[in-house]
Structure formats: C-alpha cells, structure tokens
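As provided, coords11.tsv (TSV, C-alpha atoms) reads as follows.
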```tsv
chain	number	residue	atom	x	y	z
A	214	MET	CA	-57.83	-220.90	-59.58
A	215	SER	CA	-54.17	-221.79	-60.13
A	216	LEU	CA	-51.37	-219.78	-58.55
A	217	LEU	CA	-50.29	-218.44	-61.95
A	218	ASN	CA	-53.85	-217.32	-62.70
A	219	GLU	CA	-54.19	-215.76	-59.25
A	220	ILE	CA	-51.06	-213.69	-59.79
A	221	GLN	CA	-52.25	-212.62	-63.25
A	222	ALA	CA	-55.67	-211.61	-61.90
A	223	ASP	CA	-54.23	-209.72	-58.93
A	224	VAL	CA	-51.51	-207.84	-60.80
A	225	THR	CA	-53.91	-206.64	-63.52
A	226	GLU	CA	-56.30	-205.07	-61.00
A	227	ALA	CA	-56.35	-201.28	-61.25
A	228	ASN	CA	-55.54	-200.92	-57.54
A	229	ALA	CA	-53.38	-204.01	-57.22
A	230	ASP	CA	-51.61	-204.51	-53.88
A	231	ILE	CA	-48.17	-205.09	-55.36
A	232	ALA	CA	-46.70	-206.31	-52.05
A	233	ALA	CA	-49.41	-208.98	-51.79
A	234	VAL	CA	-48.76	-210.00	-55.40
A	235	LEU	CA	-45.04	-210.31	-54.69
A	236	ARG	CA	-45.70	-212.56	-51.70
A	237	LYS	CA	-47.53	-214.92	-54.05
A	238	CYS	CA	-44.57	-214.64	-56.41
A	239	LYS	CA	-42.33	-215.82	-53.58
A	240	VAL	CA	-44.43	-218.98	-53.30
A	241	LEU	CA	-44.08	-219.43	-57.07
A	242	ALA	CA	-40.31	-218.88	-56.89
A	243	VAL	CA	-39.95	-221.63	-54.29
A	244	ARG	CA	-42.06	-224.04	-56.34
A	245	LEU	CA	-40.02	-223.28	-59.44
A	246	GLY	CA	-36.78	-223.65	-57.50
A	247	SER	CA	-35.60	-220.26	-58.78
A	248	LYS	CA	-33.28	-218.64	-56.25
A	249	ASP	CA	-32.73	-215.57	-58.44
A	250	PHE	CA	-36.46	-214.90	-58.80
A	251	GLN	CA	-36.93	-215.41	-55.06
A	252	SER	CA	-34.05	-213.04	-54.32
A	253	TRP	CA	-35.54	-210.36	-56.60
A	254	VAL	CA	-38.93	-210.74	-54.89
A	255	ASP	CA	-37.30	-210.43	-51.46
A	256	TYR	CA	-35.45	-207.28	-52.49
A	257	GLU	CA	-38.66	-205.73	-53.80
A	258	LEU	CA	-40.53	-206.63	-50.61
A	259	ASN	CA	-37.80	-205.69	-48.13
A	260	GLY	CA	-35.79	-203.05	-49.97
A	261	TYR	CA	-32.31	-202.96	-51.47
A	262	PRO	CA	-29.31	-202.77	-49.11
A	263	SER	CA	-27.45	-200.01	-50.95
A	264	LYS	CA	-27.58	-197.80	-54.02
A	265	ASN	CA	-24.93	-199.97	-55.70
A	266	GLU	CA	-27.38	-202.89	-55.73
A	267	THR	CA	-30.34	-200.81	-56.89
A	268	PRO	CA	-31.60	-201.78	-60.37
A	269	ASP	CA	-31.89	-199.10	-63.05
A	270	TYR	CA	-35.69	-199.01	-62.93
A	271	ARG	CA	-35.40	-197.90	-59.29
A	272	ILE	CA	-33.25	-194.87	-60.09
A	273	ILE	CA	-34.84	-191.50	-60.87
A	274	LYS	CA	-32.34	-189.39	-62.77
A	275	HIS	CA	-31.85	-185.71	-63.61
A	276	ILE	CA	-33.95	-184.43	-60.71
A	277	PRO	CA	-34.27	-180.63	-60.65
A	278	SER	CA	-33.60	-178.72	-57.43
A	279	TYR	CA	-35.08	-175.39	-56.38
A	280	GLY	CA	-34.21	-172.97	-53.62
A	281	HIS	CA	-35.35	-169.99	-51.62
A	282	PHE	CA	-32.60	-167.34	-51.61
A	283	VAL	CA	-32.30	-164.24	-49.45
A	284	GLY	CA	-30.19	-161.29	-50.59
A	285	ILE	CA	-29.11	-157.85	-49.45
A	286	GLY	CA	-31.93	-155.80	-47.99
A	287	TRP	CA	-33.99	-158.98	-47.57
A	288	SER	CA	-34.55	-159.27	-51.27
A	289	GLN	CA	-35.74	-162.76	-52.09
A	290	LEU	CA	-35.74	-165.31	-54.88
A	291	LYS	CA	-38.40	-167.94	-54.36
A	292	TYR	CA	-38.60	-171.29	-56.17
A	293	HIS	CA	-35.42	-170.40	-58.02
A	294	PRO	CA	-33.91	-173.27	-60.07
A	295	ILE	CA	-30.53	-174.43	-58.81
A	296	PRO	CA	-28.34	-175.41	-61.78
A	297	ILE	CA	-26.47	-178.66	-61.31
A	298	SER	CA	-23.29	-176.90	-62.46
A	299	ALA	CA	-23.47	-174.68	-59.37
A	300	ILE	CA	-23.25	-177.70	-57.08
A	301	PRO	CA	-19.82	-179.15	-56.20
A	302	GLU	CA	-19.23	-182.33	-58.17
A	303	GLU	CA	-19.04	-184.56	-55.11
A	304	TYR	CA	-22.69	-183.76	-54.28
A	305	ARG	CA	-24.17	-183.90	-57.78
A	306	ASP	CA	-25.03	-187.59	-57.89
A	307	ALA	CA	-26.77	-187.46	-54.51
A	308	LEU	CA	-28.87	-184.46	-55.55
A	309	ALA	CA	-29.54	-185.20	-59.22
A	310	ASN	CA	-30.37	-188.88	-58.77
A	311	LEU	CA	-32.65	-190.66	-56.34
A	312	TYR	CA	-32.03	-194.32	-55.56
A	313	LEU	CA	-35.31	-195.95	-54.56
A	314	THR	CA	-34.00	-198.49	-52.05
A	315	GLU	CA	-37.09	-198.73	-49.81
A	316	PRO	CA	-39.54	-201.68	-49.88
A	317	ILE	CA	-42.10	-201.47	-52.69
A	318	SER	CA	-44.89	-200.99	-50.12
A	319	TYR	CA	-43.29	-197.67	-49.11
A	320	TYR	CA	-43.71	-196.30	-52.62
A	321	SER	CA	-47.24	-197.71	-52.90
A	322	SER	CA	-48.18	-195.76	-49.77
A	323	LEU	CA	-46.38	-192.66	-51.02
A	324	VAL	CA	-48.30	-192.70	-54.31
A	325	ALA	CA	-51.60	-193.25	-52.49
A	326	GLN	CA	-50.94	-190.29	-50.17
A	327	CYS	CA	-49.74	-187.95	-52.92
A	328	SER	CA	-51.91	-189.05	-55.85
A	329	SER	CA	-53.50	-185.60	-56.14
A	330	GLU	CA	-50.13	-183.83	-56.17
A	331	PRO	CA	-48.21	-183.48	-59.46
A	332	THR	CA	-44.85	-183.43	-57.68
A	333	ILE	CA	-43.28	-184.58	-54.43
A	334	ASP	CA	-40.71	-182.27	-52.85
A	335	LEU	CA	-37.77	-183.70	-50.89
A	336	GLY	CA	-35.82	-181.21	-48.80
A	337	TRP	CA	-32.04	-181.00	-48.94
A	338	ASN	CA	-30.02	-181.99	-45.90
A	339	PRO	CA	-29.78	-178.89	-43.64
A	340	ASP	CA	-26.01	-179.33	-43.27
A	341	LEU	CA	-25.62	-179.27	-47.06
A	342	ILE	CA	-27.76	-176.13	-47.30
A	343	ALA	CA	-25.53	-174.43	-44.71
A	344	TYR	CA	-22.36	-175.55	-46.49
A	345	LEU	CA	-23.53	-174.35	-49.93
A	346	SER	CA	-25.35	-171.29	-48.64
A	347	ASP	CA	-23.05	-168.71	-50.25
A	348	LYS	CA	-21.67	-170.87	-53.05
A	349	ILE	CA	-24.57	-170.93	-55.53
A	350	LEU	CA	-25.63	-167.35	-56.27
A	351	SER	CA	-23.48	-164.29	-55.66
A	352	ASP	CA	-25.01	-161.77	-53.25
A	353	PHE	CA	-27.63	-164.30	-52.15
A	354	GLN	CA	-27.76	-166.83	-49.32
A	355	LEU	CA	-29.51	-170.15	-49.75
A	356	ALA	CA	-32.19	-170.35	-47.05
A	357	SER	CA	-33.91	-173.58	-48.09
A	358	ALA	CA	-33.66	-176.08	-50.95
A	359	TRP	CA	-35.50	-179.11	-52.20
A	360	ARG	CA	-35.69	-181.60	-55.02
A	361	SER	CA	-38.92	-181.68	-57.00
A	362	ILE	CA	-39.86	-185.13	-58.27
A	363	SER	CA	-42.81	-185.94	-60.49
A	364	THR	CA	-45.29	-188.23	-58.73
A	365	SER	CA	-45.53	-190.14	-61.99
A	366	SER	CA	-41.93	-191.33	-61.46
A	367	PHE	CA	-43.06	-193.34	-58.44
A	368	VAL	CA	-46.13	-194.58	-60.30
A	369	ALA	CA	-43.78	-195.74	-63.07
A	370	LEU	CA	-41.80	-197.82	-60.55
A	371	LEU	CA	-44.96	-199.61	-59.41
A	372	ASP	CA	-46.03	-200.22	-63.01
A	373	THR	CA	-42.60	-201.56	-63.93
A	374	VAL	CA	-42.68	-204.15	-61.15
A	375	LYS	CA	-46.26	-205.14	-62.03
A	376	ASN	CA	-45.43	-205.50	-65.72
A	377	ARG	CA	-42.37	-207.63	-65.04
A	378	VAL	CA	-44.31	-209.90	-62.72
A	379	LEU	CA	-47.09	-210.26	-65.30
A	380	ASN	CA	-44.69	-210.98	-68.16
A	381	PHE	CA	-42.80	-213.50	-66.04
A	382	VAL	CA	-45.87	-215.53	-65.09
A	383	LEU	CA	-47.18	-215.40	-68.68
A	384	GLU	CA	-43.88	-216.78	-69.97
A	385	ILE	CA	-43.86	-219.51	-67.31
A	386	GLU	CA	-47.49	-220.38	-68.06
A	387	ALA	CA	-46.71	-220.70	-71.78
A	388	VAL	CA	-44.10	-223.34	-70.95
A	389	ALA	CA	-45.89	-225.14	-68.09
A	390	PRO	CA	-49.49	-224.04	-67.31
A	391	ASN	CA	-49.51	-225.92	-63.99
A	392	ALA	CA	-46.07	-224.80	-62.86
A	393	GLY	CA	-47.47	-223.07	-59.78
A	394	GLU	CA	-49.25	-226.18	-58.51
A	395	THR	CA	-46.27	-228.51	-58.16
A	396	LEU	CA	-44.83	-229.52	-54.81
A	397	GLN	CA	-41.60	-228.02	-53.58
A	398	GLY	CA	-38.62	-229.77	-55.13
A	399	GLU	CA	-40.46	-231.17	-58.16
A	400	LYS	CA	-39.20	-228.47	-60.59
A	401	PRO	CA	-41.89	-228.37	-63.31
A	402	ILE	CA	-39.53	-226.49	-65.66
A	403	PRO	CA	-35.78	-227.03	-66.15
A	404	GLU	CA	-33.70	-224.59	-64.10
A	405	GLU	CA	-31.94	-223.12	-67.13
A	406	ARG	CA	-35.31	-222.38	-68.78
A	407	VAL	CA	-36.60	-220.54	-65.70
A	408	GLN	CA	-33.29	-218.68	-65.46
A	409	GLN	CA	-33.55	-217.60	-69.09
A	410	VAL	CA	-37.09	-216.30	-68.57
A	411	PHE	CA	-35.97	-214.48	-65.43
A	412	ASN	CA	-33.03	-212.83	-67.18
A	413	THR	CA	-35.03	-211.61	-70.16
A	414	VAL	CA	-38.26	-210.60	-68.42
A	415	ILE	CA	-37.19	-209.34	-65.00
A	416	TRP	CA	-33.92	-207.66	-65.97
A	417	GLY	CA	-34.96	-206.85	-69.54
A	418	GLY	CA	-33.09	-204.65	-72.03
A	419	SER	CA	-31.29	-207.50	-73.75
A	420	ALA	CA	-32.06	-210.96	-74.97
A	421	GLN	CA	-30.78	-213.82	-72.85
A	422	ILE	CA	-30.45	-217.29	-74.29
A	423	ALA	CA	-29.64	-220.30	-72.15
A	424	ALA	CA	-27.34	-222.90	-73.65
A	425	GLY	CA	-27.05	-225.81	-71.24
A	426	ASN	CA	-26.05	-224.33	-67.90
A	427	GLN	CA	-24.56	-221.24	-69.52
A	428	THR	CA	-26.47	-218.04	-70.20
A	429	ILE	CA	-25.38	-216.15	-73.31
A	430	LYS	CA	-26.22	-212.46	-73.62
A	431	HIS	CA	-27.17	-210.88	-76.92
A	432	ASP	CA	-27.58	-207.14	-77.43
A	433	THR	CA	-30.86	-206.07	-78.94
A	434	ASP	CA	-28.96	-203.69	-81.23
A	435	ILE	CA	-29.77	-205.40	-84.52
A	436	LYS	CA	-27.89	-204.45	-87.68
A	437	ILE	CA	-29.07	-206.29	-90.77
A	438	ILE	CA	-28.12	-205.04	-94.25
A	439	GLN	CA	-31.09	-204.74	-96.56
A	440	ASN	CA	-31.43	-207.79	-98.85
A	441	ASP	CA	-28.15	-209.22	-97.52
A	442	PHE	CA	-29.02	-212.70	-96.33
A	443	ASP	CA	-25.51	-213.32	-94.97
A	444	SER	CA	-25.93	-210.56	-92.39
A	445	LEU	CA	-29.32	-212.00	-91.47
A	446	ARG	CA	-27.79	-215.49	-91.22
A	447	ARG	CA	-25.05	-214.25	-88.85
A	448	PHE	CA	-27.60	-212.61	-86.59
A	449	LEU	CA	-29.82	-215.70	-86.49
A	450	SER	CA	-26.80	-217.89	-85.78
A	451	SER	CA	-25.91	-215.64	-82.84
A	452	LEU	CA	-29.37	-216.43	-81.45
A	453	GLU	CA	-28.63	-220.14	-81.87
A	454	VAL	CA	-31.18	-220.60	-84.63
A	455	GLY	CA	-30.36	-223.93	-86.27
A	456	GLU	CA	-28.97	-224.20	-89.80
A	457	ASP	CA	-32.07	-226.09	-90.93
A	458	SER	CA	-34.29	-223.23	-89.78
A	459	ILE	CA	-32.04	-220.65	-91.45
A	460	ARG	CA	-32.15	-222.63	-94.68
A	461	GLU	CA	-35.96	-222.81	-94.44
A	462	LEU	CA	-36.10	-219.04	-94.08
A	463	ARG	CA	-33.93	-218.51	-97.15
A	464	GLU	CA	-36.19	-220.78	-99.17
A	465	ALA	CA	-39.27	-219.00	-97.83
A	466	ILE	CA	-37.86	-215.61	-98.85
A	467	GLN	CA	-37.03	-216.88	-102.33
A	468	GLU	CA	-40.49	-218.41	-102.78
A	469	ASP	CA	-42.21	-215.24	-101.60
A	470	GLU	CA	-40.15	-213.16	-104.04
A	471	LYS	CA	-41.55	-215.23	-106.91
A	472	ASN	CA	-45.13	-214.60	-105.88
A	473	GLN	CA	-45.20	-210.97	-104.82
A	474	LYS	CA	-43.79	-207.63	-105.84
A	475	GLU	CA	-43.84	-205.94	-102.44
A	476	THR	CA	-40.69	-206.03	-100.31
A	477	ALA	CA	-42.59	-207.14	-97.20
A	478	PHE	CA	-43.26	-210.34	-95.32
A	479	GLY	CA	-44.83	-212.91	-97.62
A	480	LYS	CA	-46.97	-215.84	-96.51
A	481	ARG	CA	-44.05	-218.27	-96.32
A	482	VAL	CA	-41.90	-215.94	-94.24
A	483	GLN	CA	-44.86	-215.32	-91.94
A	484	THR	CA	-45.30	-219.08	-91.58
A	485	TRP	CA	-41.60	-219.45	-90.75
A	486	LEU	CA	-41.84	-216.70	-88.14
A	487	GLY	CA	-44.83	-218.38	-86.50
A	488	LYS	CA	-42.98	-221.70	-86.48
A	489	MET	CA	-39.97	-220.16	-84.71
A	490	ILE	CA	-42.17	-218.54	-82.06
A	491	SER	CA	-43.80	-221.94	-81.50
A	492	LYS	CA	-40.33	-223.40	-80.95
A	493	ALA	CA	-39.71	-220.74	-78.30
A	494	ALA	CA	-43.01	-221.66	-76.64
A	495	ASP	CA	-42.35	-225.40	-76.47
A	496	GLY	CA	-38.72	-224.98	-75.39
A	497	SER	CA	-37.06	-226.49	-78.45
A	498	TRP	CA	-35.54	-223.05	-79.07
A	499	ARG	CA	-34.35	-221.66	-75.74
A	500	ILE	CA	-35.47	-218.08	-75.84
A	501	ALA	CA	-38.42	-216.26	-74.28
A	502	ILE	CA	-41.47	-216.02	-76.54
A	503	THR	CA	-41.72	-212.23	-76.32
A	504	VAL	CA	-38.01	-211.85	-77.04
A	505	ALA	CA	-38.18	-214.27	-79.98
A	506	ALA	CA	-41.08	-212.40	-81.58
A	507	ASN	CA	-39.41	-209.03	-81.05
A	508	LEU	CA	-35.93	-209.93	-82.32
A	509	LEU	CA	-37.05	-211.95	-85.34
A	510	THR	CA	-39.59	-209.35	-86.44
A	511	ARG	CA	-37.07	-206.53	-86.15
A	512	ALA	CA	-34.40	-208.51	-87.99
A	513	LEU	CA	-36.75	-209.36	-90.86
A	514	MET	CA	-37.98	-205.78	-91.09
A	515	GLN	CA	-34.39	-204.58	-91.46
A	516	TYR	CA	-33.73	-207.24	-94.10
A	517	TYR	CA	-36.70	-205.99	-96.11
A	518	GLY	CA	-35.68	-202.35	-95.63
A	519	LEU	CA	-38.61	-201.50	-93.41
A	520	THR	CA	-38.37	-199.49	-90.18
A	521	ALA	CA	-37.18	-201.43	-87.15
```
Would you write out, as structure tokens, the structure that this file holds?
Amino acid sequence: MSLLNEIQADVTEANADIAAVLRKCKVLAVRLGSKDFQSWVDYELNGYPSKNETPDYRIIKHIPSYGHFVGIGWSQLKYHPIPISAIPEEYRDALANLYLTEPISYYSSLVAQCSSEPTIDLGWNPDLIAYLSDKILSDFQLASAWRSISTSSFVALLDTVKNRVLNFVLEIEAVAPNAGETLQGEKPIPEERVQQVFNTVIWGGSAQIAAGNQTIKHDTDIKIIQNDFDSLRRFLSSLEVGEDSIRELREAIQEDEKNQKETAFGKRVQTWLGKMISKAADGSWRIAITVAANLLTRALMQYYGLTA
C-alpha cells in the first residue's frame, strides 16, 4: 500500500490515532519537500509555542463561566452563570476563549477520558478568584469558579485535523498518485503546486492560487450579478481563468439558452465546468480541485439567479 493510501486508510478509521497519522504525514512532507506542511505537522504533534501562533480552529470562543457564591448568613448560589460583563476587561479574553496550544495527542487523550461527559470543567486560577471575589455579585463572595466547555469542541478539533489531512492527501494524489513513494529530494510535484494545495486545504477559508512563485489570495465572497456576464468575467479573470476558457463559457451559455427555457445549468455549461475541474486536476489551471469546483459552481449559480 502506498504512503498516500496508508494515510487515507488510517485517517478514515473511526478511532484513528491522529498522532500516528501525522507522523506519516511528516514522512510525506519530507518527500514532497514541503517545509510549510512539515512545520504544520510538527506544531500539531508538539504543540504551538504561544496563543499568538495558534490557528483559529484551535481556539474555542465564547466559553461560559459559572461560580459558587456565598452570601450573608451562608446563603448560597450554586452553578450561577458569571456574565462576561462582570469580569474586568483585561481578564475577558483569558476566560472567554481557550487557546488549544497542547500537542494533538493531549486532546485525543482528553476526549477518550471524558467521552461520556457532555462538558469538561476547567477551574479558574485561585488568585483570580480571590481578586474578583467581591467584584461580581453584590452581597456575595465568589468561592469557586470554572469554565464549562462542551466535550464536542475538543472532538471538533480532532475532526478538523483529520479532515485537513485527508483533503490534503487526496489533492496530492489527484496530481501525482505516487507522490509518497519518491525518494527525498526528487520532488514529484512542483513546489508552488504543493504550496497552493497546502494553503487552500490546510489553512482553508479562502482560495489560494499560485502564479509562478507567488501565491495570490482570493476571498470566497463571490458577488456575481444575475445574467451579467461582465461581472462573471471579472470574477473568473481574478481566478486566472484564461480568456479562451471565458469565451467558451459565454458561448456555452448562449447555446444553452437556445435549447432550454430553465435558467439553470445546461449541458454545455456543465461540460465547461467539468473541463475546468479537469484543468485543476492536471495542473494546467493552478487551483485546488475542491476549490475550483466550489468557486465555479457558486459563481455560476449566482449568474443564473440560484442560491449560492
């Protein structure tokens, strides 16, 4: 079994050992000559050095806090929500957000240990509890406090890493099926192509297109005016779709309009779409296959006035 197939098989297992999968990804990164992919794998395996370097998918936001308050005459409020507005601003980020900087294996173990629990409670720092003791509720002292985090948030982190690994190896396999079997230094895929796949699949959220040694970023916020081909042309040009391909699309749209009444994709437009995705697959159009399919489909849907 090839390295790419091994990674695919391992990462799709229900109880996949994500750390073991990432170690295989490190081998793949070296064979591809991708320093960025290798660096990402190392961070996931060893942890991130600070919250400033923590990627968005490793940040849990808007975490609720609860407290146990004691009042006059030993009256008590248990599991009482602590509003974020009651916390001094300089402490809000630390309490409302959790930066998951530990190695991925730490969170795998945490999920395994707490799989039967709907939430995981993390206690506040005792010094902070003492400092804020009389500053949250009048006539009550804060005796203990904790953040309550859904266990599913940690499961989501593991799934995100697995999905990005799977999508990355699928994209690489589509370009070079034997990429994982080459010797170190052979570089089965051009560096800029690997970089483009890394940017779009691992970091996600926007389309990345490599032009030579330069990576150009394109927002996925698509705004095409219905039945306005000029707006569609501008968007396609921004994705570096060639003029010949744009002209072919215009002709396909015009031909489909002659043969159907519905304002939806006709056969010729569908053929054009398939042709463009094939160009992404063979590298003649430098964009990831999944990104190409997503952006072109959404753009065409907006052109036809469909939801996108």
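Distances from A:Asp340, A:Glu394, A:Glu257, A:Asp372 to Ala233 (chain A) were compared using all atoms listed in the file, and the smallest one belongs to A:Glu257.
Here CA of Ile220 (chain A) stands at a distance of 19.3 Å from CA of Gln408 (chain A).
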Item to check | Length of the CA of Ala465 (chain A) to CA of Lys480 (chain A) vector [Å] | outcome: 8.4 Å
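The interatomic distance for the pair CA of Phe282 (chain A) and CA of Ser357 (chain A) works out to 7.3 Å.
Proximity ranking of A:Ile273, A:Val224, A:Ile437, A:Leu486 relative to Ile459 (chain A) places A:Leu486 first, based on all atoms listed in the file.
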Item to check | Residues within 8 Å of region 375-389 of chain A, only C-alpha atoms, excluding chain neighbours under 2 positions, as a ChimeraX atom specification | outcome: /A:217,220-221,224-225,231,238,371-373,391-392,401-402,407,410-411,414-415,494-496,501-502
Checklist entry - Could you name the residues that touch region 346-348 of chain A at 10 Å or less, counting all atoms listed in the file, but leaving out those on the same chain fewer than 3 positions away, as a ChimeraX atom specification? => result /A:282-283,299-301,340-343,351-358
Next on the checklist: Can you tell me which residues surround Ser363 (chain A) at a distance of at most 8 Å, considering only C-alpha atoms, apart from same-chain residues fewer than 3 positions away, and format the answer as a list in words?
Outcome noted: Pro331, Thr332, Ile333, Ser366 and Phe367 of chain A
Quick one: what's the axis-aligned box for region 224-236 of chain A, all listed atoms, 3 Å on every side, centre and edges in Å to one decimal, as AutoDock Vina command-line options?
```
--center_x -50.7 --center_y -206.7 --center_z -57.6 --size_x 17.3 --size_y 17.6 --size_z 17.8
```
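Contact shell of region 242-245 of chain A at 9 Å (only C-alpha atoms; same-chain neighbours under 6 positions omitted): A:Gln251, A:Ser252, A:Val254, A:Ala392, A:Gly393, A:Glu394, A:Thr395, A:Leu396, A:Gln397, A:Gly398, A:Glu399, A:Lys400, A:Pro401, A:Ile402, A:Pro403, A:Glu404, A:Val407.
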Item to check | Residue neighbourhood Glu330 (chain A), 12 Å, all atoms listed in the file, exclusion window fewer than 4 positions, as a PyMOL selection string | outcome: chain A and resi 323-326+334+361-365
Checklist entry - So which one's closest to Asn440 (chain A), A:Gly487, A:Met514, A:Asp457, A:Ala227? Using only C-alpha atoms, please. => result A:Met514
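The shortest atom-to-atom distance to Pro268 (chain A), with all atoms listed in the file taken into account, belongs to A:Trp416 out of A:Trp287, A:Gly280, A:Arg236, A:Trp416.
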